[in-house]
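Okay, final-v1.txt now, which holds compact mmCIF, C-alpha atoms:
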# COMPACT_ATOMS: atom_id res chain seq x y z
CA MET A 1202 -123.38 121.81 89.92
CA SER A 1203 -124.85 123.62 92.84
CA VAL A 1204 -127.43 122.07 95.06
CA GLU A 1205 -130.23 124.35 96.09
CA VAL A 1206 -130.80 124.47 99.80
CA ASP A 1207 -133.77 126.23 101.30
CA VAL A 1208 -132.12 128.24 104.06
CA LYS A 1209 -134.13 129.96 106.77
CA THR A 1210 -132.74 132.65 108.99
CA LEU A 1211 -134.15 133.19 112.44
CA GLU A 1212 -133.30 134.47 115.88
CA ILE A 1213 -133.03 132.29 119.00
CA ASP A 1214 -132.38 134.05 122.33
CA GLY A 1215 -130.88 137.00 120.49
CA HIS A 1216 -128.56 134.90 118.30
CA GLU A 1217 -128.94 135.06 114.51
CA VAL A 1218 -128.98 131.46 113.31
CA SER A 1219 -129.58 129.77 110.00
CA ALA A 1220 -131.36 126.50 109.42
CA SER A 1221 -132.66 124.41 106.58
CA ALA A 1222 -136.39 124.37 105.94
CA GLY A 1223 -138.16 121.62 107.83
CA GLN A 1224 -135.73 121.56 110.75
CA THR A 1225 -137.25 121.76 114.21
CA ILE A 1226 -136.51 124.66 116.53
CA LEU A 1227 -134.97 122.16 118.95
CA ALA A 1228 -132.57 120.76 116.36
CA VAL A 1229 -131.42 124.24 115.31
CA ALA A 1230 -131.05 125.39 118.92
CA ARG A 1231 -128.89 122.39 119.78
CA GLU A 1232 -126.74 122.87 116.66
CA ASN A 1233 -126.04 126.34 118.01
CA ASP A 1234 -125.39 125.23 121.61
CA ILE A 1235 -128.56 126.84 122.93
CA PRO A 1236 -129.89 124.48 125.59
CA ILE A 1237 -133.60 123.58 125.68
CA PRO A 1238 -134.65 121.01 128.31
CA THR A 1239 -136.38 117.88 126.98
CA LEU A 1240 -137.70 114.64 128.42
CA CYS A 1241 -139.73 112.77 125.80
CA HIS A 1242 -137.39 113.74 122.95
CA ILE A 1243 -134.45 111.46 122.30
CA ASP A 1244 -132.05 111.66 119.39
CA GLY A 1245 -132.86 108.89 116.92
CA LEU A 1246 -136.62 108.58 117.50
CA SER A 1247 -139.61 110.46 116.13
CA ASP A 1248 -140.92 113.31 118.27
CA VAL A 1249 -144.34 113.41 119.90
CA GLY A 1250 -144.29 116.66 121.90
CA ALA A 1251 -145.64 114.84 124.94
CA CYS A 1252 -143.70 116.22 127.90
CA ARG A 1253 -144.00 119.96 127.05
CA LEU A 1254 -140.66 120.76 128.69
CA CYS A 1255 -139.26 122.13 125.43
CA LEU A 1256 -141.98 124.77 125.07
CA VAL A 1257 -140.61 128.02 123.65
CA GLU A 1258 -142.02 131.49 123.05
CA ILE A 1259 -142.33 132.84 119.53
CA ALA A 1260 -142.63 136.59 119.06
CA GLY A 1261 -146.06 137.60 117.81
CA SER A 1262 -147.79 134.48 119.11
CA ASN A 1263 -149.54 133.94 122.43
CA LYS A 1264 -149.22 130.19 122.08
CA LEU A 1265 -146.20 128.38 123.43
CA MET A 1266 -144.74 125.92 120.92
CA PRO A 1267 -142.99 122.61 121.62
CA ALA A 1268 -139.52 123.09 120.09
CA CYS A 1269 -139.17 119.38 119.31
CA VAL A 1270 -141.97 119.42 116.73
CA ALA A 1271 -142.29 123.08 115.71
CA THR A 1272 -140.39 123.76 112.51
CA VAL A 1273 -138.41 126.91 111.76
CA GLN A 1274 -139.87 129.79 109.75
CA GLU A 1275 -138.09 132.67 108.07
CA GLY A 1276 -137.66 135.62 110.42
CA MET A 1277 -138.92 133.80 113.50
CA VAL A 1278 -137.89 135.27 116.85
CA VAL A 1279 -137.67 132.50 119.46
CA SER A 1280 -137.11 132.77 123.22
CA THR A 1281 -136.18 129.56 124.99
CA ASN A 1282 -135.60 130.57 128.58
CA THR A 1283 -137.93 133.36 129.72
CA GLU A 1284 -139.22 133.58 133.27
CA ARG A 1285 -142.63 132.42 132.05
CA LEU A 1286 -141.13 129.31 130.45
CA GLN A 1287 -139.04 128.53 133.53
CA LYS A 1288 -142.19 128.75 135.64
CA HIS A 1289 -144.05 126.35 133.34
CA ARG A 1290 -141.13 123.91 133.23
CA ARG A 1291 -140.88 123.77 137.01
CA LEU A 1292 -144.61 123.15 137.29
CA ILE A 1293 -144.50 120.39 134.65
CA LEU A 1294 -141.72 118.64 136.57
CA GLU A 1295 -143.63 119.02 139.82
CA MET A 1296 -146.73 117.52 138.21
CA LEU A 1297 -144.68 114.55 137.02
CA PHE A 1298 -143.36 113.99 140.55
CA ALA A 1299 -146.81 114.35 142.13
CA GLU A 1300 -148.54 112.07 139.63
CA ARG A 1301 -146.80 108.79 140.56
CA ASN A 1302 -144.45 107.47 143.23
CA HIS A 1303 -140.99 108.75 142.38
CA ILE A 1304 -138.88 107.89 145.39
CA CYS A 1305 -135.43 108.94 144.25
CA SER A 1306 -133.55 107.69 147.31
CA VAL A 1307 -134.49 104.04 146.73
CA CYS A 1308 -134.82 104.14 142.93
CA VAL A 1309 -132.62 102.00 140.74
CA SER A 1310 -131.94 105.08 138.61
CA ASN A 1311 -130.92 107.40 141.46
CA GLY A 1312 -128.10 109.53 140.10
CA HIS A 1313 -128.76 108.49 136.48
CA CYS A 1314 -132.30 109.76 136.05
CA GLU A 1315 -133.29 112.45 133.56
CA LEU A 1316 -136.33 113.51 135.63
CA GLN A 1317 -134.20 113.87 138.75
CA SER A 1318 -131.42 115.83 137.07
CA LEU A 1319 -133.89 118.06 135.21
CA ALA A 1320 -135.57 118.89 138.51
CA GLN A 1321 -132.21 119.93 139.91
CA GLU A 1322 -131.32 121.87 136.78
CA GLN A 1323 -134.62 123.77 136.82
CA GLY A 1324 -134.38 124.54 140.53
CA VAL A 1325 -137.22 122.30 141.76
CA THR A 1326 -136.53 121.82 145.48
CA HIS A 1327 -140.02 120.67 146.41
CA VAL A 1328 -143.39 119.86 144.87
CA ARG A 1329 -146.13 122.40 145.56
CA LEU A 1330 -148.95 120.09 144.46
CA PRO A 1331 -150.31 117.39 146.75
CA TYR A 1332 -148.82 113.99 145.93
CA ARG A 1333 -151.31 111.45 144.60
CA TYR A 1334 -149.63 108.24 145.83
CA PRO A 1335 -151.45 105.95 143.36
CA GLU A 1336 -151.24 102.18 143.68
CA LEU A 1337 -149.43 100.98 140.56
CA PRO A 1338 -148.19 97.60 139.37
CA VAL A 1339 -144.60 96.43 139.06
CA ASP A 1340 -144.19 93.84 136.32
CA VAL A 1341 -141.34 91.45 137.18
CA SER A 1342 -142.46 88.66 134.85
CA HIS A 1343 -139.68 89.20 132.31
CA GLU A 1344 -136.53 87.18 132.90
CA ARG A 1345 -134.22 90.12 132.23
CA PHE A 1346 -136.13 93.35 132.82
CA THR A 1347 -138.60 94.99 135.22
CA ALA A 1348 -141.31 97.55 134.47
CA ASP A 1349 -142.03 99.71 137.53
CA HIS A 1350 -145.02 101.90 136.69
CA ASN A 1351 -144.45 103.97 139.83
CA ARG A 1352 -141.54 105.64 138.03
CA CYS A 1353 -143.08 105.95 134.55
CA ILE A 1354 -143.64 109.47 133.17
CA LEU A 1355 -145.42 108.30 129.99
CA CYS A 1356 -142.80 109.80 127.68
CA THR A 1357 -143.46 106.86 125.28
CA ARG A 1358 -139.80 106.49 124.35
CA CYS A 1359 -140.16 102.71 124.93
CA VAL A 1360 -143.17 102.58 122.64
CA ARG A 1361 -141.36 104.46 119.88
CA VAL A 1362 -138.04 102.62 120.09
CA CYS A 1363 -139.80 99.25 120.02
CA ALA A 1364 -141.93 100.17 117.01
CA GLU A 1365 -139.52 102.37 115.05
CA ILE A 1366 -136.13 100.80 115.68
CA GLU A 1367 -136.69 97.23 116.84
CA GLY A 1368 -139.75 96.88 114.60
CA ALA A 1369 -141.56 94.75 117.16
CA HIS A 1370 -144.16 97.22 118.55
CA VAL A 1371 -144.56 95.28 121.76
CA TRP A 1372 -145.02 98.42 123.88
CA ASP A 1373 -148.05 100.66 123.60
CA VAL A 1374 -150.20 102.91 125.77
CA MET A 1375 -153.58 101.98 127.22
CA GLY A 1376 -156.09 104.11 129.10
CA ARG A 1377 -156.47 107.85 128.99
CA GLY A 1378 -155.05 110.83 130.85
CA ILE A 1379 -153.90 110.14 134.36
CA ASP A 1380 -154.92 106.48 134.06
CA SER A 1381 -152.63 105.82 131.08
CA LEU A 1382 -150.23 102.92 131.37
CA VAL A 1383 -147.54 101.61 129.04
CA ILE A 1384 -148.34 97.97 128.29
CA THR A 1385 -146.75 95.05 126.47
CA ASP A 1386 -148.86 93.42 123.75
CA LEU A 1387 -152.55 93.58 124.73
CA HIS A 1388 -151.76 94.21 128.41
CA ASP A 1389 -150.12 90.81 128.82
CA GLU A 1390 -147.28 90.25 131.26
CA TRP A 1391 -144.00 91.46 129.79
CA GLY A 1392 -142.45 88.01 130.30
CA LYS A 1393 -145.24 86.37 128.29
CA SER A 1394 -145.36 89.02 125.58
CA SER A 1395 -143.86 88.96 122.09
CA CYS A 1396 -140.86 90.94 123.43
CA THR A 1397 -137.65 90.19 121.50
CA ARG A 1398 -135.57 90.83 124.63
CA CYS A 1399 -133.40 93.39 122.83
CA GLY A 1400 -133.43 95.81 125.80
CA LYS A 1401 -133.63 99.00 123.72
CA CYS A 1402 -136.63 100.24 125.73
CA VAL A 1403 -134.62 99.91 128.93
CA GLN A 1404 -131.75 101.96 127.53
CA VAL A 1405 -133.96 104.81 126.32
CA CYS A 1406 -136.17 104.99 129.45
CA PRO A 1407 -135.28 108.30 131.12
CA THR A 1408 -136.20 107.14 134.65
CA GLY A 1409 -136.15 103.93 136.67
CA ALA A 1410 -139.43 102.71 135.11
CA LEU A 1411 -137.71 100.13 132.90
CA PHE A 1412 -134.58 98.56 134.29
CA ASP A 1413 -132.25 95.64 133.95
CA LYS A 1414 -132.68 93.04 136.71
CA SER A 1415 -128.98 92.23 136.70
CA LYS A 1416 -128.11 95.75 137.87
CA ILE A 1417 -128.18 96.36 141.59
CA GLY A 1418 -128.77 99.47 143.65
CA SER A 1419 -128.33 102.74 141.84
CA GLU A 1420 -125.59 101.48 139.51
CA HIS A 1421 -127.78 101.65 136.46
CA PRO A 1422 -126.67 104.24 133.92
CA LYS A 1423 -128.55 104.05 130.61
CA TYR A 1424 -126.82 104.11 127.24
CA PRO A 1425 -129.19 105.49 124.57
CA ASP A 1426 -126.31 106.69 122.36
CA PHE A 1427 -126.67 103.67 120.10
CA LEU A 1428 -129.81 105.15 118.53
CA PRO A 1429 -128.47 107.88 116.21
CA TYR A 1430 -125.59 105.56 115.32
CA LEU A 1431 -127.95 102.74 114.42
CA ASN A 1432 -130.04 105.09 112.26
CA LEU A 1433 -126.93 106.36 110.50
CA MET A 1434 -125.76 102.84 109.68
CA ARG A 1435 -129.18 101.87 108.38
CA GLU A 1436 -129.41 104.96 106.18
CA ALA A 1437 -125.98 104.20 104.76
CA GLN A 1438 -127.12 100.78 103.55
CA MET B 672 -124.13 139.56 168.56
CA SER B 673 -126.15 137.09 170.55
CA LYS B 674 -126.20 133.55 169.23
CA LEU B 675 -129.01 132.39 166.95
CA LYS B 676 -131.35 129.88 168.55
CA VAL B 677 -131.45 126.71 166.46
CA ALA B 678 -133.72 123.72 166.94
CA THR B 679 -133.81 120.39 165.16
CA ALA B 680 -136.69 117.93 165.20
CA TRP B 681 -137.20 114.34 164.13
CA LEU B 682 -140.58 113.25 162.74
CA ASP B 683 -141.02 110.13 160.53
CA GLY B 684 -137.47 109.68 159.26
CA CYS B 685 -134.50 107.42 159.95
CA SER B 686 -132.31 110.01 161.78
CA GLY B 687 -129.93 109.90 158.83
CA CYS B 688 -130.33 113.66 158.31
CA HIS B 689 -129.28 114.27 161.90
CA MET B 690 -126.31 111.93 161.39
CA SER B 691 -125.34 113.89 158.29
CA PHE B 692 -125.73 117.13 160.28
CA LEU B 693 -123.21 115.74 162.79
CA ASP B 694 -120.93 114.85 159.88
CA MET B 695 -120.09 118.55 159.69
CA ASP B 696 -117.48 117.45 162.25
CA GLU B 697 -115.03 120.22 163.18
CA ARG B 698 -117.15 122.77 161.31
CA LEU B 699 -119.70 122.32 164.10
CA LEU B 700 -117.22 124.10 166.38
CA GLU B 701 -117.22 127.16 164.11
CA LEU B 702 -121.03 127.02 163.97
CA ALA B 703 -121.21 126.73 167.75
CA GLU B 704 -119.73 130.24 167.93
CA LEU B 705 -122.74 131.55 166.01
CA ILE B 706 -125.62 129.33 167.08
CA GLU B 707 -127.00 127.72 170.17
CA VAL B 708 -128.87 124.43 169.81
CA VAL B 709 -131.88 124.97 172.05
CA TYR B 710 -133.95 121.91 171.17
CA SER B 711 -132.99 118.69 169.39
CA PRO B 712 -132.80 114.92 169.75
CA LEU B 713 -129.10 115.72 170.22
CA VAL B 714 -129.60 117.85 173.36
CA ASP B 715 -131.57 117.42 176.54
CA ALA B 716 -134.37 119.99 176.18
CA LYS B 717 -137.82 118.52 176.74
CA LYS B 718 -139.95 121.46 175.64
CA PHE B 719 -139.88 123.33 172.34
CA PRO B 720 -138.82 126.90 173.20
CA ASP B 721 -141.13 129.85 172.60
CA GLU B 722 -138.81 131.62 170.19
CA VAL B 723 -136.51 129.80 167.80
CA ASP B 724 -134.61 131.47 164.95
CA ILE B 725 -133.98 128.42 162.76
CA ALA B 726 -135.62 125.00 163.01
CA LEU B 727 -134.44 122.05 160.93
CA VAL B 728 -137.10 119.35 160.65
CA GLU B 729 -136.30 115.82 159.54
CA GLY B 730 -138.99 113.33 158.54
CA ALA B 731 -142.47 113.25 157.07
CA VAL B 732 -145.73 113.76 158.93
CA ALA B 733 -147.00 110.23 159.55
CA SER B 734 -148.85 110.31 162.88
CA VAL B 735 -151.12 112.60 164.88
CA ASP B 736 -148.11 113.30 167.07
CA ASP B 737 -145.99 114.41 164.09
CA GLU B 738 -148.75 116.76 163.01
CA LYS B 739 -148.98 118.31 166.49
CA LYS B 740 -145.20 118.73 166.60
CA ILE B 741 -144.85 120.39 163.20
CA ARG B 742 -147.63 122.89 163.98
CA LYS B 743 -146.00 123.72 167.31
CA ILE B 744 -142.57 124.11 165.68
CA ARG B 745 -143.99 126.41 163.01
CA ALA B 746 -145.74 128.59 165.55
CA HIS B 747 -142.50 129.28 167.43
CA THR B 748 -139.96 129.41 164.59
CA ARG B 749 -138.75 132.25 162.39
CA THR B 750 -137.10 130.19 159.62
CA LEU B 751 -138.33 126.64 159.13
CA ILE B 752 -136.06 124.34 157.12
CA ALA B 753 -137.41 121.08 155.69
CA MET B 754 -134.39 118.84 156.11
CA GLY B 755 -134.08 115.94 153.70
CA ASP B 756 -136.36 114.03 151.34
CA CYS B 757 -138.78 112.61 153.96
CA ALA B 758 -139.71 116.10 155.14
CA ILE B 759 -139.93 117.38 151.56
CA THR B 760 -141.43 114.50 149.53
CA GLY B 761 -142.59 111.89 152.04
CA ASN B 762 -139.85 109.64 150.63
CA VAL B 763 -139.61 106.12 152.11
CA PRO B 764 -142.17 106.66 154.92
CA ALA B 765 -144.72 107.61 152.22
CA MET B 766 -144.24 104.27 150.46
CA ARG B 767 -147.03 102.90 152.65
CA ASN B 768 -149.53 105.39 151.24
CA PRO B 769 -150.85 103.31 148.33
CA ILE B 770 -151.60 100.36 150.66
CA GLY B 771 -152.71 102.14 153.84
CA PRO B 772 -151.72 101.96 157.52
CA GLU B 773 -153.86 98.89 158.40
CA ALA B 774 -151.95 96.66 155.99
CA ILE B 775 -148.63 97.91 157.34
CA LEU B 776 -149.58 97.39 160.99
CA GLU B 777 -150.99 93.95 160.19
CA ARG B 778 -147.76 92.96 158.46
CA ALA B 779 -145.45 94.29 161.17
CA TYR B 780 -147.31 93.35 164.34
CA ILE B 781 -149.43 90.32 163.39
CA GLU B 782 -147.98 88.43 160.41
CA ASN B 783 -144.35 88.89 161.37
CA ALA B 784 -144.77 88.68 165.15
CA SER B 785 -143.33 85.56 166.75
CA ALA B 786 -144.93 86.17 170.16
CA GLN B 787 -148.16 87.84 171.27
CA PRO B 788 -149.25 89.32 167.95
CA GLN B 789 -151.17 92.54 168.64
CA ILE B 790 -151.39 95.99 167.12
CA PRO B 791 -150.15 98.59 169.62
CA CYS B 792 -152.91 100.98 170.69
CA VAL B 793 -151.63 102.71 173.81
CA VAL B 794 -148.67 105.11 174.24
CA VAL B 795 -147.75 105.10 170.54
CA PRO B 796 -149.49 107.80 168.47
CA LYS B 797 -152.15 106.95 165.93
CA LEU B 798 -150.90 106.76 162.34
CA LEU B 799 -152.36 109.14 159.79
CA ARG B 800 -154.00 107.51 156.77
CA VAL B 801 -151.53 109.20 154.44
CA VAL B 802 -147.92 110.19 155.15
CA ARG B 803 -147.30 113.69 153.81
CA PRO B 804 -144.44 116.18 153.47
CA ILE B 805 -144.35 118.93 156.09
CA HIS B 806 -145.13 121.76 153.67
CA GLU B 807 -148.59 120.22 153.12
CA PHE B 808 -149.27 121.14 156.79
CA VAL B 809 -147.31 124.33 157.46
CA LYS B 810 -145.37 126.97 155.56
CA VAL B 811 -141.77 125.96 154.96
CA ASP B 812 -139.14 128.62 154.31
CA VAL B 813 -136.21 126.58 153.00
CA PHE B 814 -136.13 123.15 151.37
CA LEU B 815 -132.92 121.10 151.61
CA PRO B 816 -133.50 117.90 149.62
CA GLY B 817 -131.26 114.85 149.84
CA CYS B 818 -131.32 111.44 151.45
CA PRO B 819 -129.60 112.69 153.47
CA PRO B 820 -128.41 116.17 152.47
CA SER B 821 -124.61 116.06 152.72
CA ALA B 822 -122.67 117.69 155.54
CA GLN B 823 -121.37 120.13 152.94
CA THR B 824 -124.97 121.03 152.03
CA PHE B 825 -125.83 121.66 155.68
CA HIS B 826 -122.76 123.77 156.19
CA ALA B 827 -123.26 125.89 153.08
CA ALA B 828 -126.98 126.40 153.74
CA LEU B 829 -126.62 127.22 157.44
CA THR B 830 -123.71 129.56 156.79
CA ALA B 831 -125.76 131.40 154.17
CA LEU B 832 -128.80 131.62 156.43
CA ILE B 833 -126.82 132.80 159.45
CA ASN B 834 -124.84 135.41 157.51
CA GLY B 835 -127.70 136.36 155.20
CA GLY B 836 -125.70 135.39 152.10
CA PRO B 837 -127.08 134.02 148.82
CA LEU B 838 -128.28 130.41 148.85
CA ASP B 839 -128.65 128.36 145.65
CA ILE B 840 -130.02 125.06 146.89
CA SER B 841 -130.09 123.31 143.51
CA ALA B 842 -126.36 123.92 143.20
CA LEU B 843 -125.86 122.03 146.46
CA THR B 844 -128.22 119.10 146.42
CA ARG B 845 -131.18 117.31 144.80
CA PHE B 846 -133.87 114.71 145.55
CA GLY B 847 -132.20 111.40 146.42
CA ALA B 848 -128.73 112.93 146.77
Please lay out the structure from this file as structure tokens.
Amino acid sequence: MSVEVDVKTLEIDGHEVSASAGQTILAVARENDIPIPTLCHIDGLSDVGACRLCLVEIAGSNKLMPACVATVQEGMVVSTNTERLQKHRRLILEMLFAERNHICSVCVSNGHCELQSLAQEQGVTHVRLPYRYPELPVDVSHERFTADHNRCILCTRCVRVCAEIEGAHVWDVMGRGIDSLVITDLHDEWGKSSCTRCGKCVQVCPTGALFDKSKIGSEHPKYPDFLPYLNLMREAQ
Amino acid sequence: MSKLKVATAWLDGCSGCHMSFLDMDERLLELAELIEVVYSPLVDAKKFPDEVDIALVEGAVASVDDEKKIRKIRAHTRTLIAMGDCAITGNVPAMRNPIGPEAILERAYIENASAQPQIPCVVVPKLLRVVRPIHEFVKVDVFLPGCPPSAQTFHAALTALINGGPLDISALTRFGA
């Protein structure tokens, strides 16, 4: 018996690739070893298209599309690394640096930070926008973890992992725009919240915003690889 | 070929970039064949020369004095290099920005003083409200991030600039390196 698969054929950066209907451009690109930078995307969680780093160009459209949520179409011609996209990506990274206080040299995630390494990868050697230097809280109330809002880029990975994988939905976002803040429960202290202390949010946080108190200095690599594995095991059940 | 005139300057930073510069060790001897250090905390020149080919500036702009210095340096320099994270991002000196200079001075000179607590007001330059990277004041030609940039980074960048070769900074260093 043959199973019918809806196969789409498209072109990414000049390569003919095939995909199944419903796949995202990002997923297909990665299957074919075509790199697209991402920050809010993480394998194993739903996608929200928040960071805009994965924007790609699609022939025939003036609009740039986030590859993490845009699905493939038959005959699509996708460009992932044009000069225009590189320019936008650098500016996005610069805006993230200017928005809060990212001080790499004294950050717990120095050397293990996705924002930092993306900046290097994309050739950001300085920030052309004036820094905002906002005054932001650091929540040390939890016995195991710290939330340093100075380093948060509002990717919402913590919110998604807590709701989708841990099933606790302790993290959420309050406020709007530049005043947004990730919060625990109804803006209670993390230590007094309904947190299950599983630590998944810490492991998926791309920067030094959420970190483990027991780690010192910059020796704080994150291990988010458990996510796809955990999903696979759950699906198998 | 006459030697290139190189200056280095130290604004609000810890001198770590200058230390790292000196870490070029024996490679400094090769460089000395090509450059002459005409102004620097490392040499005894009191006045910034009128014409400098390359100036390396460490530190953020944190006081009225820093601002005066960076404008003077820019006016007399062909290629201005922002050396290290303080010059480029504000880095640690800029950590006072969200709380302001008064709180910092109060903490350092009043709360933590064991004798004669008083905020210095003569000789030392007035602090700016906000510590800022140098490119928010003057045009910067080359950015060398790092805290500090490594000796290897200095060597590769200076060699490229002196010989006019290609320079890929992101391949050498990053913020916080």
Per-residue nearest contacts region 676-777 of chain B to region 797-815 of chain B, cut-off 10 Å, using all atoms listed in the file, as a Markdown table:
| residue | atom | partner | partner_atom | distance |
| --- | --- | --- | --- | --- |
| B:Leu682 | CA | B:Ile805 | CA | 9.5 |
| B:Asp683 | CA | B:Val802 | CA | 8.7 |
| B:Ile725 | CA | B:Asp812 | CA | 9.9 |
| B:Leu727 | CA | B:Val813 | CA | 9.3 |
| B:Val728 | CA | B:Ile805 | CA | 8.6 |
| B:Glu729 | CA | B:Ile805 | CA | 9.3 |
| B:Gly730 | CA | B:Pro804 | CA | 8.0 |
| B:Ala731 | CA | B:Pro804 | CA | 5.0 |
| B:Val732 | CA | B:Arg803 | CA | 5.4 |
| B:Ala733 | CA | B:Val802 | CA | 4.5 |
| B:Ser734 | CA | B:Leu798 | CA | 4.1 |
| B:Val735 | CA | B:Lys797 | CA | 5.8 |
| B:Asp736 | CA | B:Lys797 | CA | 7.6 |
| B:Asp737 | CA | B:Leu798 | CA | 9.3 |
| B:Glu738 | CA | B:Phe808 | CA | 7.6 |
| B:Ile741 | CA | B:Ile805 | CA | 7.3 |
| B:Arg742 | CA | B:Val809 | CA | 6.7 |
| B:Lys743 | CA | B:Val809 | CA | 10.0 |
| B:Ile744 | CA | B:Val809 | CA | 9.5 |
| B:Arg745 | CA | B:Val809 | CA | 6.8 |
| B:Ala746 | CA | B:Val809 | CA | 9.3 |
| B:Arg749 | CA | B:Asp812 | CA | 8.9 |
| B:Thr750 | CA | B:Asp812 | CA | 5.9 |
| B:Leu751 | CA | B:Asp812 | CA | 5.3 |
| B:Ile752 | CA | B:Val813 | CA | 4.7 |
| B:Ala753 | CA | B:Phe814 | CA | 5.0 |
| B:Met754 | CA | B:Leu815 | CA | 5.2 |
| B:Gly755 | CA | B:Leu815 | CA | 5.7 |
| B:Asp756 | CA | B:Leu815 | CA | 7.9 |
| B:Cys757 | CA | B:Pro804 | CA | 6.7 |
| B:Ala758 | CA | B:Pro804 | CA | 5.0 |
| B:Ile759 | CA | B:Pro804 | CA | 5.0 |
| B:Thr760 | CA | B:Pro804 | CA | 5.2 |
| B:Gly761 | CA | B:Pro804 | CA | 4.9 |
| B:Asn762 | CA | B:Pro804 | CA | 8.5 |
| B:Val763 | CA | B:Val802 | CA | 9.7 |
| B:Pro764 | CA | B:Val802 | CA | 6.8 |
| B:Ala765 | CA | B:Val802 | CA | 5.0 |
| B:Met766 | CA | B:Val802 | CA | 8.4 |
| B:Arg767 | CA | B:Val802 | CA | 7.8 |
| B:Asn768 | CA | B:Val801 | CA | 5.4 |
| B:Pro769 | CA | B:Val801 | CA | 8.5 |
| B:Ile770 | CA | B:Val801 | CA | 9.6 |
| B:Gly771 | CA | B:Arg800 | CA | 6.3 |
| B:Pro772 | CA | B:Arg800 | CA | 6.0 |
| B:Glu773 | CA | B:Arg800 | CA | 8.8 |
| B:Leu776 | CA | B:Leu798 | CA | 9.6 |
Write a file of the just-selected residues containing C-alpha atoms, as a short mmCIF file (atom, residue, chain, number, x, y, z; two decimals), in the coordinates of the input.
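The new file out-v9.cif reads:
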data_model
loop_
_atom_site.label_atom_id
_atom_site.label_comp_id
_atom_site.auth_asym_id
_atom_site.auth_seq_id
_atom_site.Cartn_x
_atom_site.Cartn_y
_atom_site.Cartn_z
CA LEU B 682 -140.58 113.25 162.74
CA ASP B 683 -141.02 110.13 160.53
CA ILE B 725 -133.98 128.42 162.76
CA LEU B 727 -134.44 122.05 160.93
CA VAL B 728 -137.10 119.35 160.65
CA GLU B 729 -136.30 115.82 159.54
CA GLY B 730 -138.99 113.33 158.54
CA ALA B 731 -142.47 113.25 157.07
CA VAL B 732 -145.73 113.76 158.93
CA ALA B 733 -147.00 110.23 159.55
CA SER B 734 -148.85 110.31 162.88
CA VAL B 735 -151.12 112.60 164.88
CA ASP B 736 -148.11 113.30 167.07
CA ASP B 737 -145.99 114.41 164.09
CA GLU B 738 -148.75 116.76 163.01
CA ILE B 741 -144.85 120.39 163.20
CA ARG B 742 -147.63 122.89 163.98
CA LYS B 743 -146.00 123.72 167.31
CA ILE B 744 -142.57 124.11 165.68
CA ARG B 745 -143.99 126.41 163.01
CA ALA B 746 -145.74 128.59 165.55
CA ARG B 749 -138.75 132.25 162.39
CA THR B 750 -137.10 130.19 159.62
CA LEU B 751 -138.33 126.64 159.13
CA ILE B 752 -136.06 124.34 157.12
CA ALA B 753 -137.41 121.08 155.69
CA MET B 754 -134.39 118.84 156.11
CA GLY B 755 -134.08 115.94 153.70
CA ASP B 756 -136.36 114.03 151.34
CA CYS B 757 -138.78 112.61 153.96
CA ALA B 758 -139.71 116.10 155.14
CA ILE B 759 -139.93 117.38 151.56
CA THR B 760 -141.43 114.50 149.53
CA GLY B 761 -142.59 111.89 152.04
CA ASN B 762 -139.85 109.64 150.63
CA VAL B 763 -139.61 106.12 152.11
CA PRO B 764 -142.17 106.66 154.92
CA ALA B 765 -144.72 107.61 152.22
CA MET B 766 -144.24 104.27 150.46
CA ARG B 767 -147.03 102.90 152.65
CA ASN B 768 -149.53 105.39 151.24
CA PRO B 769 -150.85 103.31 148.33
CA ILE B 770 -151.60 100.36 150.66
CA GLY B 771 -152.71 102.14 153.84
CA PRO B 772 -151.72 101.96 157.52
CA GLU B 773 -153.86 98.89 158.40
CA LEU B 776 -149.58 97.39 160.99
#
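Going from CA of Asn1233 (chain A) over to CA of Ala1220 (chain A), you cover 10.1 Å.
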Could you give me, as CSV, every chain A residue with an atom at most 8 Å from chain B, plus its closest atom pair and distance in Å to one decimal, counting all atoms listed in the file, rows ordered by chain then number?
residue,atom,partner,partner_atom,distance
A:Asn1302,CA,B:Met766,CA,7.9
A:Ile1304,CA,B:Asn762,CA,5.6
A:Cys1305,CA,B:Gly847,CA,4.6
A:Ser1306,CA,B:Gly847,CA,4.0
A:Val1307,CA,B:Val763,CA,7.7
A:Asn1311,CA,B:Gly847,CA,6.5
A:Gly1312,CA,B:Ala848,CA,7.5
A:Gln1317,CA,B:Phe846,CA,6.9
A:Ser1318,CA,B:Arg845,CA,7.9
A:Ala1320,CA,B:Arg845,CA,7.8
A:Gln1321,CA,B:Ser841,CA,5.4
A:Glu1322,CA,B:Ser841,CA,7.0
A:Gly1324,CA,B:Ser841,CA,5.4
A:Val1325,CA,B:Ser841,CA,7.4
A:Thr1326,CA,B:Phe814,CA,6.1
A:His1327,CA,B:Ile759,CA,6.1
A:Val1328,CA,B:Thr760,CA,7.4
A:Pro1331,CA,B:Glu807,CA,7.2
A:Tyr1334,CA,B:Pro769,CA,5.7
A:Pro1335,CA,B:Pro769,CA,5.7
A:Glu1336,CA,B:Pro769,CA,4.8
Task: Nearby residues (all atoms listed in the file) at most 7 Å from Leu1256 (chain A), same-chain spacing under 4 positions excluded, as an NGL selection string - done: :A and (1265-1268)
Write to file, as a CSV table (one decimal), in the frame of the given file, the residues of the selection just made, with C-alpha atoms.
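Once everything was written out, this is selection.csv:
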chain,number,residue,atom,x,y,z
A,1265,LEU,CA,-146.2,128.4,123.4
A,1266,MET,CA,-144.7,125.9,120.9
A,1267,PRO,CA,-143.0,122.6,121.6
A,1268,ALA,CA,-139.5,123.1,120.1
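The protein and nucleic acid residues lying at most 10 Å from Arg1358 (chain A) are A:Leu1240, A:Cys1241, A:His1242, A:Ile1243, A:Leu1246, A:Ser1247, A:Asp1248, A:Val1249, A:Cys1363, A:Ala1364, A:Trp1372, A:Lys1401, A:Cys1402, A:Val1403, A:Gln1404, A:Val1405, A:Cys1406, A:Pro1407, with all atoms listed in the file considered and sequence neighbours fewer than 5 positions away removed.
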